[in-house]
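Source file: query-v9.csv; contents: CSV, C-alpha atoms.
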```csv
chain,number,residue,atom,x,y,z
A,1,MET,CA,16.3,0.6,57.9
A,2,LEU,CA,16.6,0.7,54.1
A,3,PRO,CA,14.9,-1.9,52.0
A,4,PRO,CA,17.2,-4.8,50.9
A,5,ASP,CA,17.4,-3.6,47.2
A,6,GLN,CA,18.5,-0.1,48.3
A,7,MET,CA,21.0,-1.6,50.8
A,8,SER,CA,22.6,-3.7,48.1
A,9,GLU,CA,22.7,-0.7,45.7
A,10,ARG,CA,24.7,1.2,48.3
A,11,ALA,CA,27.1,-1.6,49.0
A,12,ALA,CA,27.7,-2.1,45.2
A,13,PRO,CA,30.7,0.0,44.1
A,14,MET,CA,30.0,3.0,41.8
A,15,ILE,CA,32.5,3.2,38.9
A,16,VAL,CA,32.8,6.8,37.8
A,17,ILE,CA,34.3,7.5,34.3
A,18,PRO,CA,34.7,11.2,33.4
A,19,ALA,CA,34.6,11.4,29.6
A,20,TYR,CA,35.2,14.2,27.1
A,21,ASN,CA,34.9,13.4,23.4
A,22,GLU,CA,35.7,9.7,23.8
A,23,ALA,CA,33.3,8.4,21.1
A,24,GLY,CA,34.8,5.2,19.6
A,25,ARG,CA,36.5,4.3,22.9
A,26,ILE,CA,33.9,4.8,25.7
A,27,GLY,CA,31.7,1.9,24.7
A,28,ASP,CA,34.6,-0.6,24.9
A,29,VAL,CA,35.7,0.8,28.3
A,30,VAL,CA,32.1,0.5,29.8
A,31,ARG,CA,31.7,-3.1,28.5
A,32,ALA,CA,35.2,-4.0,29.9
A,33,VAL,CA,34.3,-2.5,33.3
A,34,ARG,CA,31.0,-4.4,33.3
A,35,ALA,CA,32.8,-7.6,32.5
A,36,ALA,CA,35.2,-7.0,35.4
A,37,THR,CA,32.6,-5.9,38.0
A,38,ALA,CA,29.2,-7.5,37.4
A,39,ASP,CA,27.6,-5.9,40.5
A,40,SER,CA,28.8,-2.3,40.0
A,41,ARG,CA,26.9,0.8,38.9
A,42,ILE,CA,28.8,2.4,36.0
A,43,VAL,CA,28.4,6.1,35.7
A,44,VAL,CA,29.9,8.1,32.8
A,45,VAL,CA,30.1,11.8,33.5
A,46,ASP,CA,30.0,13.4,30.0
A,47,ASP,CA,32.0,16.6,30.3
A,48,GLY,CA,30.1,18.5,27.6
A,49,SER,CA,31.3,16.3,24.7
A,50,THR,CA,30.5,17.4,21.2
A,51,ASP,CA,30.6,13.9,19.8
A,52,ALA,CA,28.5,10.7,20.5
A,53,THR,CA,30.2,10.0,23.8
A,54,PRO,CA,27.0,10.0,26.0
A,55,GLN,CA,25.0,8.0,23.4
A,56,GLU,CA,27.7,5.3,23.2
A,57,ALA,CA,28.1,5.1,26.9
A,58,ARG,CA,24.3,4.7,27.4
A,59,ALA,CA,24.2,2.1,24.7
A,60,ALA,CA,27.0,0.1,26.4
A,61,GLY,CA,24.9,0.0,29.6
A,62,ALA,CA,26.2,2.9,31.6
A,63,GLU,CA,24.3,5.6,33.5
A,64,VAL,CA,25.2,9.0,32.1
A,65,VAL,CA,25.3,12.3,33.9
A,66,SER,CA,25.7,15.0,31.2
A,67,LEU,CA,27.3,18.4,32.0
A,68,PRO,CA,26.0,21.0,29.6
A,69,LEU,CA,29.4,22.7,29.4
A,70,ASN,CA,33.0,21.4,29.3
A,71,LEU,CA,34.2,22.1,32.9
A,72,GLY,CA,37.4,20.1,32.9
A,73,TYR,CA,38.5,16.7,34.1
A,74,GLY,CA,38.5,17.6,37.8
A,75,SER,CA,35.0,19.1,37.8
A,76,ALA,CA,33.6,16.2,35.8
A,77,LEU,CA,35.1,13.8,38.4
A,78,GLN,CA,33.7,15.9,41.2
A,79,THR,CA,30.3,15.7,39.6
A,80,GLY,CA,30.6,11.9,39.9
A,81,TYR,CA,31.5,12.3,43.6
A,82,LEU,CA,28.4,14.5,44.1
A,83,PHE,CA,26.2,11.9,42.3
A,84,ALA,CA,27.7,9.1,44.5
A,85,ARG,CA,27.0,11.2,47.6
A,86,ALA,CA,23.4,11.8,46.6
A,87,GLU,CA,23.0,8.1,46.0
A,88,GLY,CA,24.6,7.2,49.3
A,89,VAL,CA,27.3,5.0,47.7
A,90,GLU,CA,29.8,3.5,50.1
A,91,ARG,CA,32.7,2.8,47.7
A,92,LEU,CA,33.6,4.6,44.5
A,93,VAL,CA,36.2,3.7,41.8
A,94,GLN,CA,37.3,6.3,39.2
A,95,LEU,CA,39.0,5.5,36.0
A,96,ASP,CA,39.7,7.2,32.7
A,97,ALA,CA,37.6,6.9,29.6
A,98,ASP,CA,40.4,6.4,27.2
A,99,GLY,CA,41.1,2.7,27.9
A,100,GLN,CA,44.4,3.3,29.7
A,101,HIS,CA,43.3,1.7,32.9
A,102,GLU,CA,42.8,-2.1,33.1
A,103,PRO,CA,39.3,-2.7,34.5
A,104,ALA,CA,40.4,-6.1,35.9
A,105,CYS,CA,42.4,-4.1,38.5
A,106,ILE,CA,39.2,-2.5,40.0
A,107,GLN,CA,38.9,-5.4,42.4
A,108,LYS,CA,42.5,-4.9,43.6
A,109,LEU,CA,41.6,-1.2,44.4
A,110,LEU,CA,38.4,-2.2,46.2
A,111,ALA,CA,40.4,-4.7,48.2
A,112,GLY,CA,42.6,-1.8,49.3
A,113,LEU,CA,39.5,-0.1,50.7
A,114,ASP,CA,38.5,-3.4,52.4
A,115,ASP,CA,42.0,-3.3,54.1
A,116,GLY,CA,41.2,0.0,55.7
A,117,LEU,CA,42.3,2.6,53.2
A,118,ASP,CA,40.1,5.6,52.4
A,119,VAL,CA,42.0,6.2,49.1
A,120,ALA,CA,43.6,3.4,47.1
A,121,VAL,CA,45.7,4.9,44.4
A,122,GLY,CA,46.5,2.7,41.4
A,123,SER,CA,50.1,2.9,40.6
A,124,ARG,CA,51.5,1.8,37.2
A,125,TYR,CA,55.0,2.0,38.6
A,126,LEU,CA,54.6,-0.8,41.2
A,127,THR,CA,54.0,-3.5,38.6
A,128,ALA,CA,56.8,-5.8,37.3
A,129,GLN,CA,56.7,-4.1,33.9
A,130,PRO,CA,55.7,-0.5,34.2
A,131,PRO,CA,54.6,1.2,30.9
A,132,SER,CA,57.1,3.4,29.2
A,133,VAL,CA,56.1,7.1,29.6
A,134,GLY,CA,57.7,10.3,28.3
A,135,PHE,CA,60.5,12.1,30.0
A,136,ALA,CA,58.4,15.0,31.3
A,137,ARG,CA,55.7,12.7,32.7
A,138,ARG,CA,58.3,10.4,34.3
A,139,THR,CA,60.2,13.4,35.9
A,140,GLY,CA,56.9,15.0,37.1
A,141,ALA,CA,55.7,11.7,38.6
A,142,TRP,CA,59.1,11.2,40.4
A,143,LEU,CA,59.2,14.8,41.7
A,144,PHE,CA,55.6,15.1,42.8
A,145,GLY,CA,55.7,11.5,44.1
A,146,LYS,CA,58.6,12.5,46.3
A,147,ILE,CA,56.8,15.6,47.6
A,148,ALA,CA,53.7,13.6,48.3
A,149,THR,CA,55.7,10.8,50.1
A,150,LEU,CA,57.5,13.4,52.2
A,151,TRP,CA,54.3,15.1,53.2
A,152,THR,CA,52.1,12.1,53.9
A,153,GLY,CA,54.7,9.6,55.1
A,154,VAL,CA,53.2,7.1,52.6
A,155,ARG,CA,55.2,5.9,49.6
A,156,ILE,CA,53.5,7.5,46.5
A,157,THR,CA,55.0,6.5,43.2
A,158,ASP,CA,52.2,7.6,40.8
A,159,PRO,CA,50.7,10.9,42.1
A,160,THR,CA,49.0,11.7,38.7
A,161,SER,CA,47.1,8.4,38.6
A,162,GLY,CA,43.4,8.8,37.9
A,163,PHE,CA,42.7,5.2,38.7
A,164,GLN,CA,41.6,5.2,42.3
A,165,ALA,CA,39.1,3.8,44.7
A,166,LEU,CA,37.6,6.1,47.4
A,167,SER,CA,35.6,5.4,50.5
A,168,HIS,CA,32.5,7.4,51.2
A,169,ARG,CA,34.5,9.4,53.8
A,170,ALA,CA,37.0,10.4,51.1
A,171,VAL,CA,34.2,11.3,48.7
A,172,ALA,CA,32.5,13.4,51.3
A,173,HIS,CA,35.7,15.4,51.9
A,174,LEU,CA,36.2,16.1,48.1
A,175,VAL,CA,32.8,17.7,47.4
A,176,HIS,CA,33.9,21.3,48.2
A,177,ASP,CA,34.0,24.3,46.0
A,178,SER,CA,37.8,24.5,45.7
A,179,PHE,CA,38.3,21.0,44.3
A,180,PRO,CA,40.7,21.5,41.3
A,181,GLU,CA,38.8,21.9,38.0
A,182,ASP,CA,41.6,20.4,35.9
A,183,TYR,CA,44.3,18.3,37.7
A,184,PRO,CA,43.3,16.7,41.0
A,185,ASP,CA,46.6,15.0,41.7
A,186,THR,CA,49.3,15.5,44.4
A,187,ASP,CA,47.6,18.4,46.1
A,188,VAL,CA,44.4,16.5,46.5
A,189,LEU,CA,46.3,13.4,47.9
A,190,ILE,CA,48.0,15.7,50.5
A,191,ASP,CA,44.8,17.4,51.3
A,192,LEU,CA,43.1,14.0,52.0
A,193,HIS,CA,46.0,13.0,54.2
A,194,ARG,CA,45.8,16.2,56.1
A,195,ALA,CA,42.1,15.5,56.7
A,196,GLY,CA,43.1,12.3,58.5
A,197,LEU,CA,42.1,9.9,55.7
A,198,ARG,CA,44.2,6.8,55.0
A,199,ILE,CA,46.0,6.8,51.6
A,200,GLY,CA,47.9,3.9,50.0
A,201,GLU,CA,49.0,2.6,46.7
A,202,VAL,CA,48.0,-0.6,44.9
A,203,PRO,CA,49.8,-1.9,41.8
A,204,VAL,CA,47.6,-1.6,38.7
A,205,LEU,CA,48.1,-2.2,34.9
A,206,MET,CA,47.9,0.8,32.7
A,207,TYR,CA,48.2,1.0,28.9
A,208,PRO,CA,49.2,3.7,26.5
A,209,ARG,CA,46.3,5.9,25.3
A,210,ARG,CA,44.3,4.4,22.4
A,211,GLY,CA,43.6,7.8,20.8
A,212,GLY,CA,42.1,11.2,21.9
A,213,LYS,CA,44.2,13.8,23.5
A,214,SER,CA,46.0,13.6,26.9
A,215,MET,CA,45.4,16.4,29.4
A,216,HIS,CA,49.1,16.3,30.2
A,217,SER,CA,50.3,17.3,26.8
A,218,GLY,CA,52.0,20.3,25.1
A,219,GLY,CA,52.1,23.5,27.1
A,220,LYS,CA,49.7,22.0,29.7
A,221,VAL,CA,52.7,20.3,31.3
A,222,ALA,CA,54.3,23.6,32.2
A,223,PHE,CA,51.0,24.9,33.5
A,224,TYR,CA,50.5,21.7,35.5
A,225,ALA,CA,53.9,22.1,37.1
A,226,TYR,CA,53.3,25.7,37.9
A,227,LYS,CA,49.9,25.1,39.4
A,228,MET,CA,51.0,22.1,41.4
A,229,PHE,CA,53.9,24.0,42.9
A,230,LEU,CA,51.7,27.0,43.7
A,231,ASN,CA,49.0,24.8,45.3
A,232,LEU,CA,51.5,22.8,47.3
A,233,SER,CA,53.3,25.9,48.6
A,234,LEU,CA,50.1,27.4,49.8
A,235,LEU,CA,48.4,24.2,51.0
A,236,PRO,CA,49.2,24.8,54.7
A,237,VAL,CA,47.8,28.3,54.8
A,238,ARG,CA,45.1,28.2,52.2
A,239,ARG,CA,41.4,28.7,53.0
A,240,THR,CA,39.0,26.1,51.6
A,241,SER,CA,37.1,28.6,49.4
A,242,PRO,CA,36.4,32.3,49.7
A,243,PHE,CA,33.5,31.8,47.3
A,244,ARG,CA,31.5,29.4,49.4
A,245,SER,CA,27.9,29.7,48.7
A,246,GLY,CA,26.7,27.1,51.2
A,247,ARG,CA,28.1,23.8,49.8
A,248,ALA,CA,29.1,22.5,46.5
A,249,ALA,CA,26.3,21.4,44.1
A,250,GLY,CA,24.4,18.4,45.4
B,1,MET,CA,56.4,76.4,46.2
B,2,ARG,CA,57.7,78.3,43.2
B,3,ALA,CA,58.2,75.1,41.4
B,4,LEU,CA,54.7,74.1,42.2
B,5,ILE,CA,53.2,77.3,40.9
B,6,ALA,CA,55.4,77.1,37.8
B,7,SER,CA,54.3,73.6,37.1
B,8,ILE,CA,50.6,74.7,37.3
B,9,GLU,CA,51.2,77.5,34.9
B,10,GLU,CA,52.9,74.9,32.6
B,11,ILE,CA,49.5,73.2,31.9
B,12,PRO,CA,48.1,74.9,28.7
B,13,SER,CA,44.4,75.8,28.7
B,14,GLY,CA,43.8,73.6,25.7
B,15,GLN,CA,44.8,70.5,27.8
B,16,LYS,CA,42.6,71.6,30.6
B,17,THR,CA,39.6,71.9,28.2
B,18,VAL,CA,40.3,68.4,26.8
B,19,ALA,CA,40.6,67.0,30.3
B,20,PHE,CA,37.2,68.6,31.3
B,21,VAL,CA,35.5,67.3,28.1
B,22,LEU,CA,36.9,63.7,28.6
B,23,ALA,CA,36.0,63.6,32.3
B,24,LEU,CA,32.4,64.8,31.6
B,25,SER,CA,32.0,62.5,28.6
B,26,MET,CA,33.1,59.5,30.7
B,27,LEU,CA,30.6,60.4,33.5
B,28,ALA,CA,27.9,60.8,31.0
B,29,VAL,CA,28.6,57.4,29.3
B,30,VAL,CA,28.7,55.7,32.7
B,31,ILE,CA,25.4,57.2,33.8
B,32,GLU,CA,23.8,56.3,30.5
B,33,LEU,CA,25.0,52.7,30.8
B,34,VAL,CA,23.5,52.5,34.3
B,35,ARG,CA,20.3,54.1,33.0
B,36,ARG,CA,20.0,51.4,30.3
B,37,ARG,CA,20.8,48.7,32.9
B,38,LYS,CA,23.9,47.7,30.9
B,39,LEU,CA,26.2,48.4,33.8
B,40,ARG,CA,25.5,47.3,37.4
B,41,GLU,CA,25.7,49.8,40.2
B,42,GLU,CA,28.6,48.2,42.0
B,43,TYR,CA,30.7,48.2,38.8
B,44,ALA,CA,29.6,51.7,38.0
B,45,LEU,CA,31.0,52.9,41.3
B,46,VAL,CA,34.6,52.5,40.3
B,47,TRP,CA,34.0,54.3,36.9
B,48,LEU,CA,32.0,57.1,38.4
B,49,GLY,CA,34.9,57.5,40.9
B,50,THR,CA,37.4,57.6,38.0
B,51,GLY,CA,35.3,60.2,36.1
B,52,LEU,CA,35.0,62.4,39.2
B,53,ALA,CA,38.7,62.1,39.9
B,54,LEU,CA,39.5,63.2,36.3
B,55,LEU,CA,37.1,66.1,36.6
B,56,LEU,CA,38.6,67.2,39.9
B,57,LEU,CA,42.1,67.0,38.5
B,58,ALA,CA,41.1,69.1,35.5
B,59,TRP,CA,39.5,71.7,37.7
B,60,GLN,CA,42.1,71.7,40.6
B,61,HIS,CA,45.2,70.7,38.6
B,62,GLN,CA,47.5,71.8,41.4
B,63,TRP,CA,46.5,68.5,43.0
B,64,LEU,CA,48.1,66.8,40.1
B,65,SER,CA,51.2,68.9,40.6
B,66,TRP,CA,51.2,67.9,44.2
B,67,PHE,CA,51.0,64.3,43.2
B,68,GLN,CA,53.8,64.9,40.6
B,69,ASN,CA,56.0,66.3,43.4
B,70,LEU,CA,55.1,63.4,45.7
B,71,ILE,CA,56.3,60.8,43.3
B,72,SER,CA,59.1,63.0,41.9
B,73,ALA,CA,57.8,62.8,38.4
B,74,LYS,CA,59.3,65.1,35.7
B,75,SER,CA,55.9,66.4,34.5
B,76,PRO,CA,52.2,66.3,35.5
B,77,VAL,CA,51.5,64.2,32.4
B,78,SER,CA,53.9,61.4,33.4
B,79,ALA,CA,52.4,61.6,37.0
B,80,LEU,CA,48.9,61.2,35.5
B,81,PHE,CA,50.1,58.2,33.3
B,82,PHE,CA,51.7,56.6,36.4
B,83,GLY,CA,48.5,57.0,38.4
B,84,GLY,CA,46.4,55.7,35.5
B,85,PHE,CA,48.7,52.6,35.1
B,86,VAL,CA,48.6,51.7,38.8
B,87,PHE,CA,44.8,52.2,38.8
B,88,LEU,CA,44.4,49.9,35.7
B,89,MET,CA,46.6,47.2,37.3
B,90,TRP,CA,44.5,47.3,40.4
B,91,LEU,CA,41.3,47.1,38.3
B,92,CYS,CA,42.6,44.1,36.4
B,93,LEU,CA,43.3,42.3,39.6
B,94,LEU,CA,39.9,43.1,40.9
B,95,PHE,CA,38.3,41.7,37.8
B,96,SER,CA,40.4,38.6,38.0
B,97,VAL,CA,39.1,38.0,41.5
B,98,ARG,CA,35.5,38.6,40.2
B,99,LEU,CA,36.1,36.1,37.3
B,100,SER,CA,37.4,33.5,39.7
B,101,LYS,CA,34.3,33.9,41.8
B,102,MET,CA,32.1,33.7,38.7
B,103,SER,CA,33.9,30.5,37.5
B,104,ALA,CA,33.4,28.8,40.9
B,105,ARG,CA,29.7,29.7,40.9
B,106,GLN,CA,29.3,28.6,37.2
B,107,LYS,CA,30.9,25.2,37.9
B,108,SER,CA,28.6,24.7,40.9
B,109,LEU,CA,25.5,25.6,38.8
B,110,VAL,CA,26.5,23.4,35.9
B,111,GLN,CA,27.1,20.4,38.2
B,112,LYS,CA,23.8,20.9,39.9
B,113,LEU,CA,22.0,21.2,36.6
B,114,ALA,CA,23.5,18.0,35.3
B,115,LEU,CA,22.6,16.1,38.5
B,116,LEU,CA,19.0,17.4,38.4
B,117,GLU,CA,18.7,16.4,34.7
B,118,LYS,CA,19.8,12.9,35.6
B,119,GLN,CA,17.2,12.8,38.4
B,120,VAL,CA,14.5,14.0,36.0
B,121,ALA,CA,15.5,11.4,33.4
B,122,ASP,CA,15.5,8.6,36.1
B,123,LEU,CA,12.0,9.6,37.3
B,124,ARG,CA,10.7,9.7,33.7
B,125,ASP,CA,12.1,6.3,33.0
B,126,ARG,CA,10.8,4.7,36.2
B,127,PRO,CA,7.9,2.4,35.5
B,128,GLN,CA,4.5,3.8,36.5
B,129,GLY,CA,2.4,2.4,39.3
```
For the file at hand, write its structure as structure tokens.
Amino acid sequence: MLPPDQMSERAAPMIVIPAYNEAGRIGDVVRAVRAATADSRIVVVDDGSTDATPQEARAAGAEVVSLPLNLGYGSALQTGYLFARAEGVERLVQLDADGQHEPACIQKLLAGLDDGLDVAVGSRYLTAQPPSVGFARRTGAWLFGKIATLWTGVRITDPTSGFQALSHRAVAHLVHDSFPEDYPDTDVLIDLHRAGLRIGEVPVLMYPRRGGKSMHSGGKVAFYAYKMFLNLSLLPVRRTSPFRSGRAAG
Amino acid sequence: MRALIASIEEIPSGQKTVAFVLALSMLAVVIELVRRRKLREEYALVWLGTGLALLLLAWQHQWLSWFQNLISAKSPVSALFFGGFVFLMWLCLLFSVRLSKMSARQKSLVQKLALLEKQVADLRDRPQG
């Protein structure tokens, strides 16, 4: 049996925030998360930033895991999963470092896990006043949402949402070598469903970006659509990873 | 058969000499790179094979003519270019697979390094006693 302080540490949710060059924003995000969840462990995964992101995150009270190279959003997120696994964390919440996600909604996501979900996806489109988004993003969300809904049988309206809560079972499933390095979206949700994990959506508040650069901008939108279609087409027949060298780091 | 013999005779001796020199130079460069440990044995294999194939074609150029007839090419040179193009395409694909493998391994290593650094920092910050 674990000592009481370690047991409470495991029961406390871990908030994972992947961040790349978010100096000037990350400190506010960490403080807002701390205000919304007093008992949580806040972990910023610095994805090889070239600015003061790790220093600002640490100064705001977060633990920081620093990747020596910029690996991409998905790999930074997965590093958070690996850390959570190593720490034996039971519940994990992920949110973006750019201030788009309202930290007050973390409790709603965690309540989704308490209701039996393994993956509670925060949806901006289930709120009374969804934020206005660009045409490409809206079309993509609609299309991939429909695909995810058809595949999983669960209504998915915001498949690109990075604001999610995950149970330890879901985290354990995602620490494999072939986890997407850039966009872990629809294909990951379908993969989780295929693994027998329960997925559901929870309405959350999201705001427009307060600066920095979106990973769904410019030519990346076309690449995102191509990659998602290829991944989804091959999902039923794809091997986990041909490059498996034991298990993923951690 | 006559067409085959005619096509062999079509290859001028100057071209044969150039082909020999190129093939031997390539083999020499590959062996030197392996000697200096700048090229790993497994990658050298494909280049040694290419050099030997070029050498064989320069020596026994009727094989090139046989290949020319096989693919219905107009001249041995175009048959050689076609063969070279297919070979390079295959090589590019092979290297893309290698790159994918290297990327996956690099990601795993970088993640592990970051987690170990965090562990070391935590141990260093832990109060003594």
Neighbour list for segment 46-55 of chain A as number ranges by chain, cut-off 10 Å, only C-alpha atoms, skip fewer than 3 positions in-chain: A: 17-27, 43, 58-60, 62-77, 79, 97; B: 114
I need the residues from that last selection saved to file as a PDB file, in the frame of the given file (with C-alpha atoms), if you can.
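The result, stored in again39.pdb:
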```
ATOM      1  CA  ILE A  17      34.300   7.500  34.300  1.00  0.00           C
ATOM      2  CA  PRO A  18      34.700  11.200  33.400  1.00  0.00           C
ATOM      3  CA  ALA A  19      34.600  11.400  29.600  1.00  0.00           C
ATOM      4  CA  TYR A  20      35.200  14.200  27.100  1.00  0.00           C
ATOM      5  CA  ASN A  21      34.900  13.400  23.400  1.00  0.00           C
ATOM      6  CA  GLU A  22      35.700   9.700  23.800  1.00  0.00           C
ATOM      7  CA  ALA A  23      33.300   8.400  21.100  1.00  0.00           C
ATOM      8  CA  GLY A  24      34.800   5.200  19.600  1.00  0.00           C
ATOM      9  CA  ARG A  25      36.500   4.300  22.900  1.00  0.00           C
ATOM     10  CA  ILE A  26      33.900   4.800  25.700  1.00  0.00           C
ATOM     11  CA  GLY A  27      31.700   1.900  24.700  1.00  0.00           C
ATOM     12  CA  VAL A  43      28.400   6.100  35.700  1.00  0.00           C
ATOM     13  CA  ARG A  58      24.300   4.700  27.400  1.00  0.00           C
ATOM     14  CA  ALA A  59      24.200   2.100  24.700  1.00  0.00           C
ATOM     15  CA  ALA A  60      27.000   0.100  26.400  1.00  0.00           C
ATOM     16  CA  ALA A  62      26.200   2.900  31.600  1.00  0.00           C
ATOM     17  CA  GLU A  63      24.300   5.600  33.500  1.00  0.00           C
ATOM     18  CA  VAL A  64      25.200   9.000  32.100  1.00  0.00           C
ATOM     19  CA  VAL A  65      25.300  12.300  33.900  1.00  0.00           C
ATOM     20  CA  SER A  66      25.700  15.000  31.200  1.00  0.00           C
ATOM     21  CA  LEU A  67      27.300  18.400  32.000  1.00  0.00           C
ATOM     22  CA  PRO A  68      26.000  21.000  29.600  1.00  0.00           C
ATOM     23  CA  LEU A  69      29.400  22.700  29.400  1.00  0.00           C
ATOM     24  CA  ASN A  70      33.000  21.400  29.300  1.00  0.00           C
ATOM     25  CA  LEU A  71      34.200  22.100  32.900  1.00  0.00           C
ATOM     26  CA  GLY A  72      37.400  20.100  32.900  1.00  0.00           C
ATOM     27  CA  TYR A  73      38.500  16.700  34.100  1.00  0.00           C
ATOM     28  CA  GLY A  74      38.500  17.600  37.800  1.00  0.00           C
ATOM     29  CA  SER A  75      35.000  19.100  37.800  1.00  0.00           C
ATOM     30  CA  ALA A  76      33.600  16.200  35.800  1.00  0.00           C
ATOM     31  CA  LEU A  77      35.100  13.800  38.400  1.00  0.00           C
ATOM     32  CA  THR A  79      30.300  15.700  39.600  1.00  0.00           C
ATOM     33  CA  ALA A  97      37.600   6.900  29.600  1.00  0.00           C
TER      34      ALA A  97
ATOM     35  CA  ALA B 114      23.500  18.000  35.300  1.00  0.00           C
TER      36      ALA B 114
END
```
Residues near Leu39 of chain B, cut-off 12 Å, all atoms listed in the file, skip fewer than 6 positions along chain, as a list of chain:residue names: B:Val29, B:Val30, B:Ile31, B:Glu32, B:Leu33, B:Leu45, B:Val46, B:Trp47, B:Leu48
Atomic distance atom CA of Leu95 of chain A - atom CA of Gly162 of chain A, expressed in Å with one decimal: 5.8 Å
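Take atom CA of Gln111 of chain B and atom CA of Val171 of chain A: the distance between them is 15.6 Å.
Distances from B:Thr50, B:Ser103, B:Gln119, B:Thr17 to Leu88 of chain B were compared using all atoms listed in the file, and the smallest one belongs to B:Thr50.
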Once you count all atoms listed in the file, what closest atom pair and distance in Å to one decimal does each residue of chain B within 8 Å of chain A have, with rows by chain and rising residue number, as CSV?
```
residue,atom,partner,partner_atom,distance
B:Lys101,CA,A:Phe243,CA,5.9
B:Ala104,CA,A:Asp177,CA,6.8
B:Arg105,CA,A:Phe243,CA,7.7
B:Lys107,CA,A:Leu71,CA,6.7
B:Ser108,CA,A:Ala249,CA,5.1
B:Leu109,CA,A:Ala249,CA,6.8
B:Val110,CA,A:Leu67,CA,6.4
B:Gln111,CA,A:Thr79,CA,5.9
B:Lys112,CA,A:Ala249,CA,4.9
B:Leu113,CA,A:Leu67,CA,7.6
B:Ala114,CA,A:Leu67,CA,5.0
B:Leu115,CA,A:Val65,CA,6.5
B:Glu117,CA,A:Val65,CA,7.8
B:Lys118,CA,A:Val65,CA,5.8
```
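Closest to Gly83 of chain B among B:Leu54, B:Ala28, B:Leu22, B:Leu99 is B:Leu54, based on all atoms listed in the file.
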Straight-line distance linking atom CA of Met228 of chain A with atom CA of Met102 of chain B, stated in Å to one decimal: 22.3 Å
Among listed residues A:Glu201, A:Asp187, A:Asp118, A:Glu102, nearest Leu232 of chain A (using only C-alpha atoms): A:Asp187
Residues near Thr160 of chain A, cut-off 7 Å, all atoms listed in the file, skip fewer than 2 positions along chain, as a list in words: Ala141, Asp158, Gly162, Asp185 and Thr186 of chain A
Hey, can you pull every residue with an atom no more than 12 Å from (50.0, 60.0, 34.3), using all atoms listed in the file, and send it as a PDB file with C-alpha atoms, keeping the file's coordinate frame?
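Dumped everything to point_29.pdb:
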```pdb
ATOM      1  CA  LEU B  54      39.500  63.200  36.300  1.00  0.00           C
ATOM      2  CA  LEU B  57      42.100  67.000  38.500  1.00  0.00           C
ATOM      3  CA  LEU B  64      48.100  66.800  40.100  1.00  0.00           C
ATOM      4  CA  SER B  65      51.200  68.900  40.600  1.00  0.00           C
ATOM      5  CA  PHE B  67      51.000  64.300  43.200  1.00  0.00           C
ATOM      6  CA  GLN B  68      53.800  64.900  40.600  1.00  0.00           C
ATOM      7  CA  ILE B  71      56.300  60.800  43.300  1.00  0.00           C
ATOM      8  CA  ALA B  73      57.800  62.800  38.400  1.00  0.00           C
ATOM      9  CA  LYS B  74      59.300  65.100  35.700  1.00  0.00           C
ATOM     10  CA  SER B  75      55.900  66.400  34.500  1.00  0.00           C
ATOM     11  CA  PRO B  76      52.200  66.300  35.500  1.00  0.00           C
ATOM     12  CA  VAL B  77      51.500  64.200  32.400  1.00  0.00           C
ATOM     13  CA  SER B  78      53.900  61.400  33.400  1.00  0.00           C
ATOM     14  CA  ALA B  79      52.400  61.600  37.000  1.00  0.00           C
ATOM     15  CA  LEU B  80      48.900  61.200  35.500  1.00  0.00           C
ATOM     16  CA  PHE B  81      50.100  58.200  33.300  1.00  0.00           C
ATOM     17  CA  PHE B  82      51.700  56.600  36.400  1.00  0.00           C
ATOM     18  CA  GLY B  83      48.500  57.000  38.400  1.00  0.00           C
ATOM     19  CA  GLY B  84      46.400  55.700  35.500  1.00  0.00           C
ATOM     20  CA  PHE B  85      48.700  52.600  35.100  1.00  0.00           C
ATOM     21  CA  VAL B  86      48.600  51.700  38.800  1.00  0.00           C
ATOM     22  CA  PHE B  87      44.800  52.200  38.800  1.00  0.00           C
ATOM     23  CA  LEU B  88      44.400  49.900  35.700  1.00  0.00           C
TER      24      LEU B  88
END
```
